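The data block below is target.pdb; it holds PDB, C-alpha atoms and all ligand atoms.
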ATOM      1  CA  MET A   1      14.212 -18.267  22.582
ATOM      2  CA  ASP A   2      15.255 -19.658  19.197
ATOM      3  CA  GLN A   3      18.825 -18.613  18.339
ATOM      4  CA  THR A   4      18.733 -19.090  14.538
ATOM      5  CA  LEU A   5      19.512 -15.415  13.892
ATOM      6  CA  LYS A   6      21.528 -14.698  17.041
ATOM      7  CA  GLY A   7      23.973 -11.819  16.685
ATOM      8  CA  GLN A   8      22.379 -10.483  13.505
ATOM      9  CA  ILE A   9      20.857  -7.053  12.965
ATOM     10  CA  ALA A  10      17.622  -6.950  10.946
ATOM     11  CA  LEU A  11      16.036  -3.729   9.649
ATOM     12  CA  ILE A  12      12.355  -4.052   8.744
ATOM     13  CA  THR A  13      10.688  -1.167   6.912
ATOM     14  CA  GLY A  14       7.055  -0.308   7.639
ATOM     15  CA  ALA A  15       7.145  -2.401  10.803
ATOM     16  CA  SER A  16       4.677  -0.508  13.007
ATOM     17  CA  SER A  17       1.726  -2.517  11.647
ATOM     18  CA  GLY A  18       0.604  -5.566   9.708
ATOM     19  CA  ILE A  19       3.121  -7.835   8.013
ATOM     20  CA  GLY A  20       6.134  -5.697   8.986
ATOM     21  CA  ALA A  21       5.220  -5.899  12.683
ATOM     22  CA  GLY A  22       4.698  -9.670  12.356
ATOM     23  CA  VAL A  23       8.060 -10.103  10.625
ATOM     24  CA  ALA A  24       9.834  -7.983  13.264
ATOM     25  CA  LYS A  25       8.369 -10.152  16.055
ATOM     26  CA  SER A  26       9.321 -13.393  14.283
ATOM     27  CA  LEU A  27      12.893 -12.269  13.523
ATOM     28  CA  ALA A  28      13.312 -11.073  17.116
ATOM     29  CA  LYS A  29      11.989 -14.399  18.416
ATOM     30  CA  ALA A  30      14.641 -16.101  16.266
ATOM     31  CA  GLY A  31      17.337 -14.063  18.060
ATOM     32  CA  ALA A  32      17.880 -11.091  15.722
ATOM     33  CA  THR A  33      18.165  -7.533  17.008
ATOM     34  CA  VAL A  34      15.434  -5.698  15.107
ATOM     35  CA  VAL A  35      15.101  -2.152  13.804
ATOM     36  CA  ILE A  36      11.423  -1.253  13.555
ATOM     37  CA  ASN A  37      11.066   1.418  10.884
ATOM     38  CA  TYR A  38       8.002   3.659  10.709
ATOM     39  CA  PRO A  39       7.327   6.566   8.327
ATOM     40  CA  VAL A  40       5.857   9.498  10.256
ATOM     41  CA  ALA A  41       5.566  10.755  13.828
ATOM     42  CA  SER A  42       1.953   9.570  14.017
ATOM     43  CA  SER A  43       3.052   5.918  13.768
ATOM     44  CA  GLN A  44       5.664   6.209  16.537
ATOM     45  CA  VAL A  45       3.328   4.982  19.289
ATOM     46  CA  ALA A  46       2.471   1.866  17.259
ATOM     47  CA  ALA A  47       6.165   1.232  16.507
ATOM     48  CA  GLU A  48       7.067   1.572  20.209
ATOM     49  CA  ALA A  49       4.269  -0.892  21.056
ATOM     50  CA  VAL A  50       5.749  -3.464  18.649
ATOM     51  CA  LEU A  51       9.177  -2.942  20.261
ATOM     52  CA  GLN A  52       7.660  -3.259  23.750
ATOM     53  CA  GLU A  53       6.057  -6.582  22.840
ATOM     54  CA  ILE A  54       9.423  -7.786  21.547
ATOM     55  CA  THR A  55      11.381  -6.696  24.617
ATOM     56  CA  ASP A  56       8.705  -8.141  26.944
ATOM     57  CA  ALA A  57       9.296 -11.477  25.209
ATOM     58  CA  GLY A  58      13.070 -11.204  25.799
ATOM     59  CA  GLY A  59      14.035  -9.773  22.400
ATOM     60  CA  GLN A  60      15.849  -6.550  21.566
ATOM     61  CA  GLY A  61      15.810  -3.698  19.103
ATOM     62  CA  MET A  62      15.058  -0.056  18.396
ATOM     63  CA  THR A  63      12.573   2.040  16.448
ATOM     64  CA  ALA A  64      13.604   4.318  13.561
ATOM     65  CA  GLN A  65      11.517   6.983  11.863
ATOM     66  CA  CYS A  66      12.197   7.307   8.131
ATOM     67  CA  ASP A  67      10.131   7.767   4.987
ATOM     68  CA  VAL A  68      11.696   5.122   2.741
ATOM     69  CA  SER A  69      10.950   7.145  -0.393
ATOM     70  CA  GLN A  70      13.307   9.922   0.795
ATOM     71  CA  GLU A  71      16.980   9.325   0.008
ATOM     72  CA  ALA A  72      18.427  11.505   2.779
ATOM     73  CA  GLN A  73      16.182   9.897   5.405
ATOM     74  CA  VAL A  74      17.143   6.376   4.295
ATOM     75  CA  GLU A  75      20.846   7.253   4.412
ATOM     76  CA  ALA A  76      20.429   8.771   7.891
ATOM     77  CA  MET A  77      18.519   5.707   9.181
ATOM     78  CA  PHE A  78      21.188   3.251   8.002
ATOM     79  CA  SER A  79      23.935   5.459   9.394
ATOM     80  CA  ASP A  80      22.171   5.600  12.809
ATOM     81  CA  VAL A  81      21.716   1.835  12.875
ATOM     82  CA  VAL A  82      25.348   1.161  11.934
ATOM     83  CA  SER A  83      26.529   3.639  14.607
ATOM     84  CA  ARG A  84      24.378   1.919  17.217
ATOM     85  CA  TYR A  85      24.798  -1.763  16.327
ATOM     86  CA  GLY A  86      27.910  -1.847  14.093
ATOM     87  CA  THR A  87      26.231  -3.139  10.942
ATOM     88  CA  VAL A  88      23.075  -4.485   9.284
ATOM     89  CA  ASP A  89      22.833  -8.172   8.274
ATOM     90  CA  ILE A  90      19.223  -8.479   7.094
ATOM     91  CA  LEU A  91      16.986  -5.969   5.312
ATOM     92  CA  VAL A  92      13.273  -6.656   4.991
ATOM     93  CA  ASN A  93      11.963  -4.214   2.359
ATOM     94  CA  ASN A  94       8.360  -4.314   3.524
ATOM     95  CA  ALA A  95       6.888  -0.776   3.466
ATOM     96  CA  GLY A  96       4.107  -0.469   0.928
ATOM     97  CA  ILE A  97       0.934   1.449   0.150
ATOM     98  CA  GLU A  98      -2.070   1.307  -2.179
ATOM     99  CA  ARG A  99      -3.741   4.259  -3.929
ATOM    100  CA  ASN A 100      -6.450   2.545  -5.945
ATOM    101  CA  ALA A 101      -8.488   3.999  -8.810
ATOM    102  CA  PRO A 102      -9.828   2.970 -12.200
ATOM    103  CA  PHE A 103      -6.864   3.521 -14.512
ATOM    104  CA  HIS A 104      -8.504   6.289 -16.560
ATOM    105  CA  GLU A 105      -9.159   8.204 -13.337
ATOM    106  CA  GLN A 106      -5.795   7.583 -11.742
ATOM    107  CA  THR A 107      -3.891  10.781 -10.958
ATOM    108  CA  LEU A 108      -0.169  11.225 -11.375
ATOM    109  CA  ASP A 109       0.000  11.808  -7.611
ATOM    110  CA  GLN A 110      -1.575   8.376  -6.963
ATOM    111  CA  TRP A 111       0.804   6.730  -9.427
ATOM    112  CA  ASN A 112       3.878   8.474  -7.992
ATOM    113  CA  ALA A 113       2.917   7.848  -4.357
ATOM    114  CA  VAL A 114       2.782   4.088  -4.903
ATOM    115  CA  ILE A 115       5.899   3.854  -7.087
ATOM    116  CA  ASN A 116       7.865   6.110  -4.700
ATOM    117  CA  VAL A 117       7.195   3.954  -1.627
ATOM    118  CA  ASN A 118       6.796   0.452  -3.089
ATOM    119  CA  LEU A 119       9.594   0.532  -5.671
ATOM    120  CA  THR A 120      11.889   3.533  -5.134
ATOM    121  CA  GLY A 121      11.766   2.924  -1.360
ATOM    122  CA  GLN A 122      12.915  -0.660  -1.924
ATOM    123  CA  PHE A 123      15.695   0.603  -4.247
ATOM    124  CA  LEU A 124      16.969   3.161  -1.709
ATOM    125  CA  CYS A 125      16.969   0.696   1.200
ATOM    126  CA  ALA A 126      18.482  -2.160  -0.840
ATOM    127  CA  ARG A 127      21.242   0.149  -2.074
ATOM    128  CA  ALA A 128      22.032   1.326   1.459
ATOM    129  CA  ALA A 129      22.049  -2.281   2.721
ATOM    130  CA  ILE A 130      24.287  -3.545  -0.095
ATOM    131  CA  ARG A 131      26.731  -0.673   0.453
ATOM    132  CA  GLU A 132      26.906  -1.684   4.116
ATOM    133  CA  PHE A 133      27.334  -5.415   3.287
ATOM    134  CA  LEU A 134      30.208  -4.566   0.890
ATOM    135  CA  ARG A 135      31.861  -2.176   3.391
ATOM    136  CA  ARG A 136      31.713  -4.720   6.184
ATOM    137  CA  GLY A 137      32.438  -7.939   4.250
ATOM    138  CA  PRO A 138      31.602 -11.467   5.442
ATOM    139  CA  ARG A 139      30.654 -12.302   9.043
ATOM    140  CA  PRO A 140      31.007 -16.113   9.000
ATOM    141  CA  GLU A 141      30.512 -16.198  12.757
ATOM    142  CA  VAL A 142      26.833 -15.283  12.282
ATOM    143  CA  SER A 143      25.888 -16.296   8.725
ATOM    144  CA  ALA A 144      27.137 -18.044   5.587
ATOM    145  CA  ALA A 145      25.876 -15.081   3.527
ATOM    146  CA  THR A 146      27.439 -11.623   3.718
ATOM    147  CA  GLY A 147      23.972 -10.109   3.758
ATOM    148  CA  LYS A 148      20.360 -10.922   3.044
ATOM    149  CA  ILE A 149      17.620  -8.802   1.496
ATOM    150  CA  ILE A 150      13.982  -9.879   1.564
ATOM    151  CA  CYS A 151      11.646  -7.846  -0.642
ATOM    152  CA  MET A 152       7.938  -7.838   0.197
ATOM    153  CA  SER A 153       6.345  -8.302  -3.177
ATOM    154  CA  SER A 154       2.857  -9.754  -3.741
ATOM    155  CA  VAL A 155       0.920 -12.304  -5.748
ATOM    156  CA  HIS A 156       0.380  -9.210  -7.915
ATOM    157  CA  GLU A 157       3.896  -9.500  -9.327
ATOM    158  CA  LEU A 158       2.233 -12.399 -11.217
ATOM    159  CA  ILE A 159      -1.537 -11.757 -11.198
ATOM    160  CA  PRO A 160      -2.615  -8.568 -13.023
ATOM    161  CA  TRP A 161      -4.911  -6.362 -10.904
ATOM    162  CA  ALA A 162      -7.515  -4.129 -12.523
ATOM    163  CA  GLY A 163      -8.108  -0.945 -10.565
ATOM    164  CA  HIS A 164      -4.701  -1.301  -8.922
ATOM    165  CA  VAL A 165      -2.404  -0.743 -11.909
ATOM    166  CA  ASN A 166       0.097   1.395  -9.986
ATOM    167  CA  TYR A 167       0.382  -1.269  -7.249
ATOM    168  CA  ALA A 168       0.765  -4.186  -9.688
ATOM    169  CA  ALA A 169       3.371  -2.207 -11.673
ATOM    170  CA  SER A 170       5.320  -1.506  -8.471
ATOM    171  CA  LYS A 171       5.401  -5.198  -7.520
ATOM    172  CA  GLY A 172       6.345  -6.211 -11.085
ATOM    173  CA  GLY A 173       9.239  -3.765 -10.738
ATOM    174  CA  VAL A 174      10.244  -5.282  -7.397
ATOM    175  CA  LYS A 175      10.398  -8.727  -9.040
ATOM    176  CA  LEU A 176      13.014  -7.754 -11.613
ATOM    177  CA  MET A 177      14.887  -5.470  -9.214
ATOM    178  CA  MET A 178      15.189  -8.404  -6.800
ATOM    179  CA  GLN A 179      16.309 -10.860  -9.498
ATOM    180  CA  SER A 180      18.819  -8.403 -10.996
ATOM    181  CA  LEU A 181      20.327  -7.737  -7.555
ATOM    182  CA  ALA A 182      20.603 -11.478  -6.900
ATOM    183  CA  GLN A 183      22.433 -11.802 -10.221
ATOM    184  CA  GLU A 184      24.715  -8.803  -9.631
ATOM    185  CA  TYR A 185      25.755  -9.591  -6.046
ATOM    186  CA  GLY A 186      25.585 -13.399  -5.808
ATOM    187  CA  ASP A 187      29.362 -13.655  -6.132
ATOM    188  CA  ARG A 188      29.703 -11.403  -3.055
ATOM    189  CA  ARG A 189      27.452 -13.857  -1.172
ATOM    190  CA  ILE A 190      24.561 -11.425  -0.881
ATOM    191  CA  ARG A 191      21.229 -13.228  -1.143
ATOM    192  CA  VAL A 192      18.161 -11.374  -2.406
ATOM    193  CA  ASN A 193      14.700 -12.942  -2.467
ATOM    194  CA  SER A 194      11.047 -11.909  -2.499
ATOM    195  CA  ILE A 195       8.105 -12.971  -0.404
ATOM    196  CA  CYS A 196       4.877 -12.849  -2.430
ATOM    197  CA  PRO A 197       1.918 -12.846  -0.028
ATOM    198  CA  GLY A 198      -1.642 -13.547  -1.088
ATOM    199  CA  ALA A 199      -4.354 -12.139   1.192
ATOM    200  CA  ILE A 200      -2.973 -11.400   4.662
ATOM    201  CA  GLN A 201      -5.252  -9.855   7.302
ATOM    202  CA  THR A 202      -3.770  -6.372   7.816
ATOM    203  CA  PRO A 203      -4.897  -2.727   7.647
ATOM    204  CA  ILE A 204      -3.898  -2.371   3.954
ATOM    205  CA  ASN A 205      -6.738  -4.627   2.725
ATOM    206  CA  ARG A 206      -9.375  -4.132   5.443
ATOM    207  CA  PRO A 207     -12.259  -3.773   2.952
ATOM    208  CA  ALA A 208     -11.424  -7.254   1.607
ATOM    209  CA  TRP A 209     -12.075  -8.980   4.970
ATOM    210  CA  GLU A 210     -13.965  -6.736   7.362
ATOM    211  CA  THR A 211     -17.516  -7.829   6.477
ATOM    212  CA  PRO A 212     -18.715 -11.469   6.313
ATOM    213  CA  GLN A 213     -19.676 -10.945   2.642
ATOM    214  CA  ALA A 214     -16.241  -9.578   1.750
ATOM    215  CA  MET A 215     -14.509 -12.411   3.629
ATOM    216  CA  SER A 216     -16.661 -15.029   1.901
ATOM    217  CA  SER A 217     -15.890 -13.638  -1.536
ATOM    218  CA  LEU A 218     -12.168 -13.444  -0.638
ATOM    219  CA  LEU A 219     -12.136 -17.076   0.523
ATOM    220  CA  GLY A 220     -13.517 -17.987  -2.901
ATOM    221  CA  LEU A 221     -10.041 -17.123  -4.240
ATOM    222  CA  ILE A 222      -8.111 -19.188  -1.676
ATOM    223  CA  PRO A 223      -8.049 -23.017  -1.955
ATOM    224  CA  TYR A 224      -6.730 -23.367   1.616
ATOM    225  CA  ASN A 225      -9.864 -21.495   2.736
ATOM    226  CA  ARG A 226      -8.412 -19.126   5.308
ATOM    227  CA  ILE A 227      -6.978 -15.642   5.210
ATOM    228  CA  GLY A 228      -3.243 -15.392   5.954
ATOM    229  CA  GLN A 229      -1.825 -13.872   9.130
ATOM    230  CA  PRO A 230       1.328 -11.763   9.615
ATOM    231  CA  GLU A 231       2.915 -14.705  11.515
ATOM    232  CA  ASP A 232       2.663 -16.823   8.344
ATOM    233  CA  ILE A 233       4.883 -14.278   6.622
ATOM    234  CA  GLY A 234       7.113 -13.954   9.709
ATOM    235  CA  ASN A 235       7.883 -17.681   9.635
ATOM    236  CA  LEU A 236       8.940 -17.496   5.980
ATOM    237  CA  ALA A 237      11.037 -14.383   6.647
ATOM    238  CA  VAL A 238      12.959 -16.230   9.393
ATOM    239  CA  PHE A 239      13.690 -19.074   6.961
ATOM    240  CA  LEU A 240      14.813 -16.700   4.180
ATOM    241  CA  ALA A 241      17.003 -14.743   6.604
ATOM    242  CA  SER A 242      18.640 -17.860   8.008
ATOM    243  CA  ASP A 243      21.312 -20.228   6.686
ATOM    244  CA  LEU A 244      18.585 -22.880   6.227
ATOM    245  CA  SER A 245      17.892 -21.086   2.924
ATOM    246  CA  ASP A 246      21.556 -20.478   2.045
ATOM    247  CA  TYR A 247      21.190 -21.830  -1.499
ATOM    248  CA  ILE A 248      18.106 -19.706  -2.266
ATOM    249  CA  THR A 249      18.646 -16.415  -4.083
ATOM    250  CA  GLY A 250      16.740 -14.626  -6.839
ATOM    251  CA  ALA A 251      13.547 -16.458  -5.856
ATOM    252  CA  SER A 252       9.970 -15.247  -5.483
ATOM    253  CA  ILE A 253       8.338 -17.413  -2.833
ATOM    254  CA  PHE A 254       4.537 -17.356  -3.006
ATOM    255  CA  ILE A 255       2.739 -17.686   0.346
ATOM    256  CA  ASP A 256      -0.909 -17.432  -0.475
ATOM    257  CA  GLY A 257      -2.972 -20.458   0.636
ATOM    258  CA  GLY A 258      -2.915 -21.509  -3.011
ATOM    259  CA  MET A 259      -4.284 -18.290  -4.532
ATOM    260  CA  THR A 260      -1.862 -18.648  -7.455
ATOM    261  CA  VAL A 261      -3.285 -22.050  -8.388
ATOM    262  CA  PHE A 262      -6.372 -20.088  -9.514
ATOM    263  CA  GLU A 263      -9.274 -21.455  -7.435
ATOM    264  CA  SER A 264     -11.837 -20.221  -9.957
ATOM    265  CA  PHE A 265     -10.751 -23.101 -12.240
ATOM    266  CA  ALA A 266     -11.275 -25.735  -9.487
ATOM    267  CA  THR A 267     -14.385 -27.207 -11.070
ATOM    268  CA  GLY A 268     -12.559 -27.742 -14.363
ATOM    269  CA  GLY A 269     -15.263 -25.759 -16.168
TER     270      GLY A 269
HETATM  271  P1  LIG B 301       0.116  -2.177   6.349
HETATM  272  O1  LIG B 301      -0.587  -0.992   5.811
HETATM  273  O2  LIG B 301      -0.215  -2.635   7.722
HETATM  274  O3  LIG B 301       1.689  -1.974   6.307
HETATM  275  C1  LIG B 301       2.364  -1.091   5.462
HETATM  276  C2  LIG B 301       3.387  -0.382   6.310
HETATM  277  O4  LIG B 301       4.191   0.462   5.489
HETATM  278  C3  LIG B 301       2.733   0.514   7.377
HETATM  279  O5  LIG B 301       3.296   0.206   8.637
HETATM  280  C4  LIG B 301       3.093   1.919   6.938
HETATM  281  O6  LIG B 301       3.271   2.804   8.023
HETATM  282  C5  LIG B 301       4.401   1.657   6.206
HETATM  283  N1  LIG B 301       4.748   2.732   5.274
HETATM  284  C6  LIG B 301       3.926   3.335   4.380
HETATM  285  N2  LIG B 301       4.612   4.295   3.726
HETATM  286  C7  LIG B 301       5.881   4.282   4.218
HETATM  287  C8  LIG B 301       7.045   5.036   3.942
HETATM  288  N3  LIG B 301       7.043   6.013   3.032
HETATM  289  N4  LIG B 301       8.170   4.761   4.652
HETATM  290  C9  LIG B 301       8.173   3.776   5.586
HETATM  291  N5  LIG B 301       7.097   3.026   5.886
HETATM  292  C10 LIG B 301       5.972   3.287   5.202
HETATM  293  O7  LIG B 301      -0.113  -3.321   5.281
HETATM  294  P2  LIG B 301       0.623  -4.737   5.117
HETATM  295  O8  LIG B 301      -0.354  -5.637   4.523
HETATM  296  O9  LIG B 301       1.305  -5.139   6.365
HETATM  297  O10 LIG B 301       1.690  -4.413   3.978
HETATM  298  C11 LIG B 301       3.073  -4.700   4.108
HETATM  299  C12 LIG B 301       3.640  -5.089   2.761
HETATM  300  O11 LIG B 301       3.051  -6.325   2.342
HETATM  301  C13 LIG B 301       3.362  -4.085   1.638
HETATM  302  O12 LIG B 301       4.522  -3.968   0.811
HETATM  303  C14 LIG B 301       2.242  -4.735   0.865
HETATM  304  O13 LIG B 301       2.224  -4.336  -0.498
HETATM  305  C15 LIG B 301       2.620  -6.198   1.015
HETATM  306  N6  LIG B 301       1.504  -7.133   0.774
HETATM  307  C16 LIG B 301       0.436  -7.194   1.609
HETATM  308  C17 LIG B 301      -0.577  -8.108   1.334
HETATM  309  C18 LIG B 301      -1.783  -8.259   2.227
HETATM  310  O14 LIG B 301      -2.689  -9.026   1.849
HETATM  311  N7  LIG B 301      -1.873  -7.616   3.375
HETATM  312  C19 LIG B 301      -0.498  -8.938   0.228
HETATM  313  C20 LIG B 301       0.609  -8.828  -0.614
HETATM  314  C21 LIG B 301       1.612  -7.922  -0.319
END

Represent the structure from my file as structure tokens, please.
Ligand code: NAD
Amino acid sequence: MDQTLKGQIALITGASSGIGAGVAKSLAKAGATVVINYPVASSQVAAEAVLQEITDAGGQGMTAQCDVSQEAQVEAMFSDVVSRYGTVDILVNNAGIERNAPFHEQTLDQWNAVINVNLTGQFLCARAAIREFLRRGPRPEVSAATGKIICMSSVHELIPWAGHVNYAASKGGVKLMMQSLAQEYGDRRIRVNSICPGAIQTPINRPAWETPQAMSSLLGLIPYNRIGQPEDIGNLAVFLASDLSDYITGASIFIDGGMTVFESFATGG
């Protein structure tokens, strides 16, 4: 097993499926002890399955139920993790949802649901992590940085998205939250960065890839001509969590097979 993150505790939100599960497996493979967060009792079985796969491969960790949009639950989760493992070194703010509708039909409930999980959830977890990093101080034996936060943003912090205004607004908010945190805590050696995935094959965007027609139209947006996989994001998360990226903070790293070079202009027309 790779030992890049040996001795470090990583908490990944929304890790019972998709990108979060992929990131948890990659961080565990790199030697981190992982906390696999899931939101509700119905996702416990899936979270335990992710943990089982990790322990079968020689890794270690725990599962933790918590709705990241609920302050008391976030506080309780961090307190449980610190009691069990002593601290947290890496937070991956990954949990996210979509509630899509044409803007003029969008309900306040749809707007609030997305903002509460995708933006307020990232605020609550980042605040809890930074409080823990400041309480604990540096751990030079495991990392040059006192703590690392990785925010799961999206290409939609850059590309506007009709029909998904709440989602795009949440990711735009994540961008400036991430950069402001990097600015505010850089002197305490806390690094904060975002991963901005393009199309990754997970449950959140099933309609975009589940039929051959949908896949073909999706690939029309991706110069590299394949859909991304959770492991692609996991590899980047390991790099951003490790000292190999020690001089990177306040950055949005796009990982999208070239989606943000705007394939529709490829013919120069
Ligand atoms: P997914 O639906 O598999 O994962 C989202 C996870 O968040 C689920 O495990 C879900 O249980 C969890 N979650 C939802 N509400 C929660 C809450 N209140 N508290 C805790 N966890 C909660 O989809 P995914 O594609 O793996 O999405 C992960 C992240 O990646 C999201 O932030 C999403 O916006 C982002 N993203 C995905 C893509 C993509 O193409 N799949 C592209 C860009 C960004």

Centre and edge lengths of an axis-aligned box around all listed atoms of ligand LIG 301 (chain B), with 5 Å added on each side, are to be given in Å to one decimal, as lines of an AutoDock Vina configuration file.
center_x = 2.7
center_y = -1.5
center_z = 4.0
size_x = 20.9
size_y = 25.0
size_z = 19.3

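Residue selection for this entry, given the PyMOL selection byres (((chain A and resi 117-123) around 6) and not hetatm), comprises Val68, Ser69, Asn93, Gly96, Val114, Ile115, Asn116, Leu124, Cys125, Ala126, Arg127 and Ser170 of chain A.
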
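Restricting the calculation to only C-alpha atoms, the smallest distance between A:Gly220 and any of A:Gly172, A:Gly257, A:Pro207, A:Gly186 is found for A:Gly257.
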
Review point. Got a sec to check which residues lie within 8 Å of ligand LIG 301 (chain B), using only C-alpha atoms and all ligand atoms, and send them as a ChimeraX atom specification?
Key: /A:13-21,37-40,43,65-70,93-98,116-118,121,152-156,167,171,196-205,228,230

Practice item. Can you give me, as a count of residues only, the residues this file yields under the PyMOL selection byres (((chain A and resi 237) around 9) and not hetatm)? Key: 16

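Ranking A:Ile9, A:Thr63, A:Ile255, A:Val34 by their shortest atom-to-atom distance to A:Gln229, with all atoms listed in the file included, puts A:Ile255 first.
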
Exercise for review: Skip A:Thr260 itself and residues of its chain fewer than 4 positions away, then list as a PyMOL selection string all residues within 9 Å of it, counting only C-alpha atoms.
Suggested key: chain A and resi 155+158-159+198+221-222+254+256

Now that the selection is made, can you save its residues with C-alpha atoms as a PDB file, in the frame of the given file?
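What ended up in out-v5.pdb:
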ATOM      1  CA  VAL A 155       0.920 -12.304  -5.748  1.00  0.00           C
ATOM      2  CA  LEU A 158       2.233 -12.399 -11.217  1.00  0.00           C
ATOM      3  CA  ILE A 159      -1.537 -11.757 -11.198  1.00  0.00           C
ATOM      4  CA  GLY A 198      -1.642 -13.547  -1.088  1.00  0.00           C
ATOM      5  CA  LEU A 221     -10.041 -17.123  -4.240  1.00  0.00           C
ATOM      6  CA  ILE A 222      -8.111 -19.188  -1.676  1.00  0.00           C
ATOM      7  CA  PHE A 254       4.537 -17.356  -3.006  1.00  0.00           C
ATOM      8  CA  ASP A 256      -0.909 -17.432  -0.475  1.00  0.00           C
TER       9      ASP A 256
END

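When only C-alpha atoms are used to compute distances to A:Ala266, the closest of the residues A:Ser180, A:Val74, A:Pro223, A:Ala168 turns out to be A:Pro223.
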
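Excluding A:Asp246 itself and any same-chain residue fewer than 5 positions from it, the protein and nucleic acid residues within 10 Å of it, counting only C-alpha atoms, are Ser143, Ala144, Ala145, Lys148, Arg189, Ile190, Arg191, Phe239, Leu240 and Ala241 of chain A.
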